[in-house]
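What follows is a single structure, written as structure tokens, with notes after it.
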Amino acid sequence: IFNFLLNFFFPETPMEKILLRILEDTLGKYVKGFNKQNLEVGVWKGEVNLRNIELRQDALADLQLPIHVFRGHISLISLSIPWSKLSSKPVIVNVKDIYLLALPTDTSEWTHKEFDEFAWQTKKRQVIKFDGLKSKQFASQFESAEDKKKSEEKN
């Protein structure tokens with residue numbers, strides 16, 4: 001009932017909807033529970049604050065450690081976005097008070113299918129990571145060649 005009344009009297013603005021979607025796409029791999037109640041937006045000021053965000057149990061999966069998140073949350077994720085100077089100024093992200101309870105992963109009761117799924121997800125993450133590194137190397141080589149070409153044209 002509270003959420004209904006809140007949304008009825010204070011509907012989400014289109015900008016809030018867009019920001020929530022972007023944040024879910026970007027941070028959703030690590031945290032859950034994005035909603036209007038924990039989002040504070042000063043859109044034109046370039047300030048976005050997320051409060052009391054819950055960590056996902058698979059948030060540390062990319063680290064490939066034999067642990068998982070049992071419970072965790074982040075008190076504050078604060079973004080400072082320089083809208084008028086996005087190409088020249090950085091977006092600043094501050095994270096305050098991360099509380100994390102991680103436990104060892106107990107694989108003794110896993111089925112063969114669960115082991116296969118874990119191995120598949122691990123390999124998938126490695127391929128994506130490797131592909132990203134290769135793309136960055138290619139991009140940096142390309143940029144270096146472009147920079148050389150520009151400097152030669154200036155001389």
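By convention in this document, the chains of the structure tokens carry letters A, B, ... by their order, each chain's residues are numbered from 1, and ligands are numbered from 1 in the order they are shown.
Around Val41 in chain A, within 12 Å and counting only C-alpha atoms, the residues found are Glu12, Thr13, Pro14, Met15, Glu16, Lys17, Ile18, Leu19, Leu20, Asn35, Glu47, Val48, Asn49, Leu50, Arg51, Ile77, Ser78, Leu79, Ser80 and Ile81 of chain A, once anything fewer than 6 positions away on its own chain is removed.
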Using the selection just defined, write its residues with N, CA, C and O atoms as an mmCIF file, in the first residue's frame.
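Output (again01.cif):
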```
data_model
loop_
_atom_site.group_PDB
_atom_site.id
_atom_site.type_symbol
_atom_site.label_atom_id
_atom_site.label_comp_id
_atom_site.auth_asym_id
_atom_site.auth_seq_id
_atom_site.Cartn_x
_atom_site.Cartn_y
_atom_site.Cartn_z
ATOM 1 N N GLU A 12 7.272 8.525 -10.732
ATOM 2 C CA GLU A 12 8.633 8.649 -11.235
ATOM 3 C C GLU A 12 8.644 9.562 -12.446
ATOM 4 O O GLU A 12 7.757 9.502 -13.292
ATOM 5 N N THR A 13 9.653 10.398 -12.509
ATOM 6 C CA THR A 13 9.815 11.236 -13.688
ATOM 7 C C THR A 13 10.470 10.394 -14.778
ATOM 8 O O THR A 13 11.096 9.365 -14.483
ATOM 9 N N PRO A 14 10.368 10.806 -16.018
ATOM 10 C CA PRO A 14 11.042 10.057 -17.090
ATOM 11 C C PRO A 14 12.541 9.946 -16.856
ATOM 12 O O PRO A 14 13.138 8.902 -17.122
ATOM 13 N N MET A 15 13.164 10.995 -16.317
ATOM 14 C CA MET A 15 14.601 10.952 -16.056
ATOM 15 C C MET A 15 14.929 9.925 -14.982
ATOM 16 O O MET A 15 15.909 9.205 -15.077
ATOM 17 N N GLU A 16 14.094 9.826 -13.944
ATOM 18 C CA GLU A 16 14.311 8.829 -12.900
ATOM 19 C C GLU A 16 14.207 7.420 -13.479
ATOM 20 O O GLU A 16 14.996 6.552 -13.142
ATOM 21 N N LYS A 17 13.240 7.214 -14.359
ATOM 22 C CA LYS A 17 13.087 5.899 -14.992
ATOM 23 C C LYS A 17 14.313 5.545 -15.816
ATOM 24 O O LYS A 17 14.808 4.421 -15.763
ATOM 25 N N ILE A 18 14.807 6.517 -16.565
ATOM 26 C CA ILE A 18 15.999 6.278 -17.390
ATOM 27 C C ILE A 18 17.209 5.991 -16.512
ATOM 28 O O ILE A 18 17.963 5.054 -16.754
ATOM 29 N N LEU A 19 17.390 6.793 -15.460
ATOM 30 C CA LEU A 19 18.519 6.587 -14.554
ATOM 31 C C LEU A 19 18.445 5.227 -13.866
ATOM 32 O O LEU A 19 19.454 4.532 -13.749
ATOM 33 N N LEU A 20 17.254 4.852 -13.395
ATOM 34 C CA LEU A 20 17.102 3.541 -12.767
ATOM 35 C C LEU A 20 17.478 2.428 -13.733
ATOM 36 O O LEU A 20 18.159 1.472 -13.362
ATOM 37 N N ASN A 35 15.132 1.042 -6.561
ATOM 38 C CA ASN A 35 13.754 1.533 -6.635
ATOM 39 C C ASN A 35 13.736 3.012 -6.287
ATOM 40 O O ASN A 35 14.742 3.587 -5.889
ATOM 41 N N GLU A 47 23.765 15.071 -9.579
ATOM 42 C CA GLU A 47 23.936 14.272 -8.362
ATOM 43 C C GLU A 47 22.930 13.130 -8.331
ATOM 44 O O GLU A 47 21.737 13.339 -8.509
ATOM 45 N N VAL A 48 23.449 11.928 -8.123
ATOM 46 C CA VAL A 48 22.596 10.747 -7.990
ATOM 47 C C VAL A 48 23.084 9.985 -6.767
ATOM 48 O O VAL A 48 24.277 9.688 -6.653
ATOM 49 N N ASN A 49 22.186 9.674 -5.856
ATOM 50 C CA ASN A 49 22.525 8.912 -4.655
ATOM 51 C C ASN A 49 21.617 7.695 -4.555
ATOM 52 O O ASN A 49 20.406 7.804 -4.708
ATOM 53 N N LEU A 50 22.222 6.555 -4.304
ATOM 54 C CA LEU A 50 21.484 5.326 -4.024
ATOM 55 C C LEU A 50 21.798 4.937 -2.594
ATOM 56 O O LEU A 50 22.963 4.826 -2.220
ATOM 57 N N ARG A 51 20.770 4.721 -1.820
ATOM 58 C CA ARG A 51 20.966 4.390 -0.407
ATOM 59 C C ARG A 51 20.462 2.988 -0.104
ATOM 60 O O ARG A 51 19.454 2.548 -0.640
ATOM 61 N N ILE A 77 25.806 4.790 -2.538
ATOM 62 C CA ILE A 77 26.541 4.934 -3.797
ATOM 63 C C ILE A 77 26.182 6.317 -4.312
ATOM 64 O O ILE A 77 25.018 6.624 -4.544
ATOM 65 N N SER A 78 27.193 7.141 -4.455
ATOM 66 C CA SER A 78 26.972 8.527 -4.852
ATOM 67 C C SER A 78 27.668 8.785 -6.189
ATOM 68 O O SER A 78 28.851 8.475 -6.348
ATOM 69 N N LEU A 79 26.925 9.340 -7.133
ATOM 70 C CA LEU A 79 27.466 9.676 -8.450
ATOM 71 C C LEU A 79 27.457 11.180 -8.637
ATOM 72 O O LEU A 79 26.472 11.846 -8.304
ATOM 73 N N SER A 80 28.534 11.690 -9.182
ATOM 74 C CA SER A 80 28.605 13.098 -9.547
ATOM 75 C C SER A 80 28.853 13.142 -11.056
ATOM 76 O O SER A 80 29.907 12.719 -11.527
ATOM 77 N N ILE A 81 27.861 13.644 -11.796
ATOM 78 C CA ILE A 81 27.895 13.594 -13.255
ATOM 79 C C ILE A 81 27.962 15.014 -13.809
ATOM 80 O O ILE A 81 26.995 15.774 -13.691
#
```
Point to revise | range 124-127 of chain A environment, 9 Å, only C-alpha atoms, sequence neighbours closer than 5 positions dropped, as a PyMOL selection string | key: chain A and resi 62+119+132
Residues within 9 Å of Gly72 in chain A, please, as a PDB file with N, CA, C and O atoms, in the first residue's frame. Count only C-alpha atoms; anything in the same chain fewer than 3 positions from it doesn't count.
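That gives us selection_4.pdb:
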```
ATOM      1  N   ILE A  53      21.554  -0.290  -0.576  1.00  0.00           N
ATOM      2  CA  ILE A  53      21.462  -1.223  -1.688  1.00  0.00           C
ATOM      3  C   ILE A  53      21.974  -2.586  -1.230  1.00  0.00           C
ATOM      4  O   ILE A  53      23.022  -2.689  -0.594  1.00  0.00           O
ATOM      5  N   GLU A  54      21.252  -3.628  -1.571  1.00  0.00           N
ATOM      6  CA  GLU A  54      21.619  -4.990  -1.174  1.00  0.00           C
ATOM      7  C   GLU A  54      22.551  -5.618  -2.206  1.00  0.00           C
ATOM      8  O   GLU A  54      22.334  -5.501  -3.412  1.00  0.00           O
ATOM      9  N   LEU A  55      23.609  -6.280  -1.715  1.00  0.00           N
ATOM     10  CA  LEU A  55      24.527  -6.983  -2.602  1.00  0.00           C
ATOM     11  C   LEU A  55      23.927  -8.312  -3.045  1.00  0.00           C
ATOM     12  O   LEU A  55      23.267  -8.995  -2.263  1.00  0.00           O
ATOM     13  N   ARG A  56      24.165  -8.664  -4.305  1.00  0.00           N
ATOM     14  CA  ARG A  56      23.706  -9.954  -4.817  1.00  0.00           C
ATOM     15  C   ARG A  56      24.611 -11.065  -4.281  1.00  0.00           C
ATOM     16  O   ARG A  56      25.784 -10.838  -4.000  1.00  0.00           O
ATOM     17  N   GLN A  57      24.078 -12.274  -4.167  1.00  0.00           N
ATOM     18  CA  GLN A  57      24.876 -13.389  -3.663  1.00  0.00           C
ATOM     19  C   GLN A  57      25.995 -13.774  -4.618  1.00  0.00           C
ATOM     20  O   GLN A  57      27.003 -14.318  -4.193  1.00  0.00           O
ATOM     21  N   VAL A  69      28.694 -14.394  -1.435  1.00  0.00           N
ATOM     22  CA  VAL A  69      28.123 -13.397  -0.534  1.00  0.00           C
ATOM     23  C   VAL A  69      26.928 -14.025   0.160  1.00  0.00           C
ATOM     24  O   VAL A  69      25.978 -14.444  -0.483  1.00  0.00           O
ATOM     25  N   ILE A  98      30.477  -0.419   2.917  1.00  0.00           N
ATOM     26  CA  ILE A  98      30.126  -1.722   2.355  1.00  0.00           C
ATOM     27  C   ILE A  98      30.184  -2.738   3.492  1.00  0.00           C
ATOM     28  O   ILE A  98      31.212  -2.870   4.155  1.00  0.00           O
ATOM     29  N   TYR A  99      29.078  -3.403   3.721  1.00  0.00           N
ATOM     30  CA  TYR A  99      29.015  -4.459   4.728  1.00  0.00           C
ATOM     31  C   TYR A  99      28.851  -5.776   3.996  1.00  0.00           C
ATOM     32  O   TYR A  99      27.921  -5.946   3.209  1.00  0.00           O
ATOM     33  N   LEU A 100      29.769  -6.727   4.275  1.00  0.00           N
ATOM     34  CA  LEU A 100      29.792  -7.957   3.519  1.00  0.00           C
ATOM     35  C   LEU A 100      30.070  -9.137   4.434  1.00  0.00           C
ATOM     36  O   LEU A 100      31.016  -9.115   5.209  1.00  0.00           O
ATOM     37  N   LEU A 101      29.218 -10.141   4.329  1.00  0.00           N
ATOM     38  CA  LEU A 101      29.451 -11.401   5.005  1.00  0.00           C
ATOM     39  C   LEU A 101      29.601 -12.449   3.913  1.00  0.00           C
ATOM     40  O   LEU A 101      28.626 -12.786   3.231  1.00  0.00           O
ATOM     41  N   ALA A 102      30.824 -12.906   3.701  1.00  0.00           N
ATOM     42  CA  ALA A 102      31.112 -13.897   2.664  1.00  0.00           C
ATOM     43  C   ALA A 102      31.452 -15.224   3.334  1.00  0.00           C
ATOM     44  O   ALA A 102      32.137 -15.263   4.356  1.00  0.00           O
TER      45      ALA A 102
END
```
Point to revise | strand (DSSP E) positions in range 21-95 of chain A, given as a PyMOL selection string | key: chain A and resi 31-32+39-42+47-55+67-80+92-95
